[in-house]
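Since the structure comes first, as structure tokens, the remarks are kept for the end.
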There are 2 protein chains.
Amino acid sequence: MLSIGKLSGLTGVKVPTIRYYEQIGLLPKPERNEGGQRIYDNTSRERLNFIRHARELGFPLDDIRELLALSDDPDQSCEAIDALAKRQLAEVEHRLVRLNALHKELERMIAQCTCGTVQTCRVIQVLGDHGLCEADHRTMTSHDIERECLT
Amino acid sequence: MLSIGKLSGLTGVKVPTIRYYEQIGLLPKPERNEGGQRIYDNTSRERLNFIRHARELGFPLDDIRELLALSDDPDQSCEAIDALAKRQLAEVEHRLVRLNALHKELERMIAQCTCGTVQTCRVIQVLGDHGLCEADHRTMTSHDIERECLT
DNA sequence: TCTTGAACCTCTAGTTACTAGAGGATGTAA
DNA sequence: TTACATCCTCTAGTAACTAGAGGTTCAAGA
């Protein structure tokens with residue numbers, strides 16, 4: 001029997017975040033004591049640990065919701081679970097490619113700066129003219145820029 | 001003299017995004033024709049290209065705002081600009097480290113899955129128990145998870 | 001000149017995964 | 001009993017846009 005604060009301490013998930021997960025239906029509504037405060041058991045703790053770990057691996061909450069639902073049916077094939085995991089892997093790989101390109105370009109830009117005045121600043125020049133780049137970081141659409149929030 | 005649509009086509013920035021940049025003061029308010037439609041010149045185009053390129057390199061809009069302000073004063077030292085670029089580089093590096101850890105762990109997890117039933121699914125097991133990980137992906141705080149949106 | 005369809009306008013609300021804060025109730029240790 | 005920590009609900013804010021409603025203007029063809 002755990003208060004929300006204890007649960008938070010045990011799982012590393014902040015108290016408001018736990019309430020948020022409950023609000024969006026990721027965690028079931030827990031029992032309450034006479035005063036109306038939430039009380040949790042070990043099942044909640046395990047579920048929250050699962051969520052936290054999946055979040056750490058970059059899974060979006062909607063995927064986690066699915067993973068939890070799928071894991072509730074132990075005799076089913078784990079194909080769907082694998083598919084979700086593979087999609088997440090692909091997403092991470094996509095982002096790695098892109099981040100590596102950014103990294104390279106940022107390093108190059110900074111290395112070339114002679115640190116004089118703004119007028120001759122290489123950083124400003126490069127930002128103003130993509131032609132000065134090695135051009136490999138433009139392998140993404142505007143959709144990619146948005147999607148950066150996903151992991 | 002460009003309509004917002006032409007400017008969009010030339011820069012690769014979507015029409016609503018251009019209006020959004022104007023709204024938040026990143027782009028100056030352009031002239032209007034008699035009908036009230038926006039008309040742009042090459043200065044706007046350059047500024048928008050600058051913004052787009054900086055966004056592609058992962059700079060947040062607030063940093064871009066600063067970069068633009070700094071670049072308007074050509075005789076100043078470019079120290080502040082360099083500092084922003086270096087901060088961005090550090091951010092990207094931080095994210096790369098983390099993404100690499102995620103990638104490794106996801107791959108390991110997927111490789112170990114024998115693709116049977118949910119009951120024996122390695123993916124579910126690992127997600128439920130961080131002890132089964134090689135533990136190197138937990139090198140971040142909850143603040144890091146949030147911050148993932150920054151690039 | 002008229003018409004039609006594309007492109008434009010403003011405004012509000014939605015997205016993700018939370019966090020912050022207000023204003024108040026409850027639990028616990030001295 | 002008295003602090004004080006912890007809990008409660010609720011609303012609003014974050015980044016960087018996107019989507020859609022409902023209406024106006026522009027440009028080209030008949």
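Chain lettering (A, B, ...) mirrors the order of the structure tokens, residue numbering begins at 1 for each chain separately, and ligand numbering begins at 1 in order of display.
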List as a PyMOL selection string the protein and nucleic acid residues near DA5 (chain D), meaning an atom at most 12 Å away when only C-alpha atoms (C1' of nucleotides) are counted, but skip any in the same chain fewer than 2 places from it. (chain A and resi 5) or (chain C and resi 26-29) or (chain D and resi 3+7)
Could you name the residues that touch DA25 (chain C) at 12 Å or less, counting only C-alpha atoms (C1' of nucleotides), but leaving out those on the same chain fewer than 4 positions away, as a list in words?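 That gives Gly35, Gly36 and Gln37 of chain A; DT6, DC7, DC8 and DT9 of chain D.
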List the spatial neighbours of Asp62 (chain A) as a VMD selection string - criterion: any atom at most 12 Å away, only C-alpha atoms (C1' of nucleotides), same-chain residues fewer than 4 positions off excluded. (chain A and resid 21 24 to 26 51 54 to 55 58 66 to 69 84 150) or (chain C and resid 16 to 17)
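Distance annotation: of C:DG24, C:DC9, C:DC18, C:DC2, the residue with the minimal separation from DG29 (chain D) is C:DC2; atom set is only C-alpha atoms (C1' of nucleotides).
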Using DSSP on the backbone coordinates, identify the residues of chain B assigned to helix (DSSP H, G or I); present them as an NGL selection string. :B and (4-11 or 15-23 or 42-56 or 61-71 or 79-112 or 118-120 or 122-128 or 130-132 or 136-138 or 142-150)
Go through D:DA30, D:DG22, D:DA16, D:DT11 one by one, measure the shortest atom-to-atom distance of each to chain B using only C-alpha atoms (C1' of nucleotides), and give the residue with the smallest value.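 That would be D:DA16, the residue with the smallest distance to chain B.
Among the candidates A:His53, A:Arg98, A:Cys115, A:Leu106, the one nearest to Asp82 (chain B) when counting only C-alpha atoms is A:Cys115.
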Can you tell me, as an MDAnalysis selection string, what residues are no more than 8 Å from Glu107 (chain B) when counting only C-alpha atoms (C1' of nucleotides), ignoring any on the same chain fewer than 4 positions away? (chainID A and resid 89) or (chainID B and resid 103 111)
Could you work out which residues of chain A fall inside 6 Å of chain B? Count only C-alpha atoms, and format the result as a PyMOL selection string. chain A and resi 50+53-54+57+74-78+102+115-119+127-128+149
Suppose you want the space between CA of Arg45 (chain B) and C1' of DT14 (chain D); what is it in Å?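 We find that CA of Arg45 (chain B) and C1' of DT14 (chain D) lie 28.9 Å from each other.
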Interatomic distance (Å, one decimal) between C1' of DG21 (chain C) and CA of Tyr20 (chain A):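 Answer for the C1' of DG21 (chain C) to CA of Tyr20 (chain A) separation: 15.8 Å.
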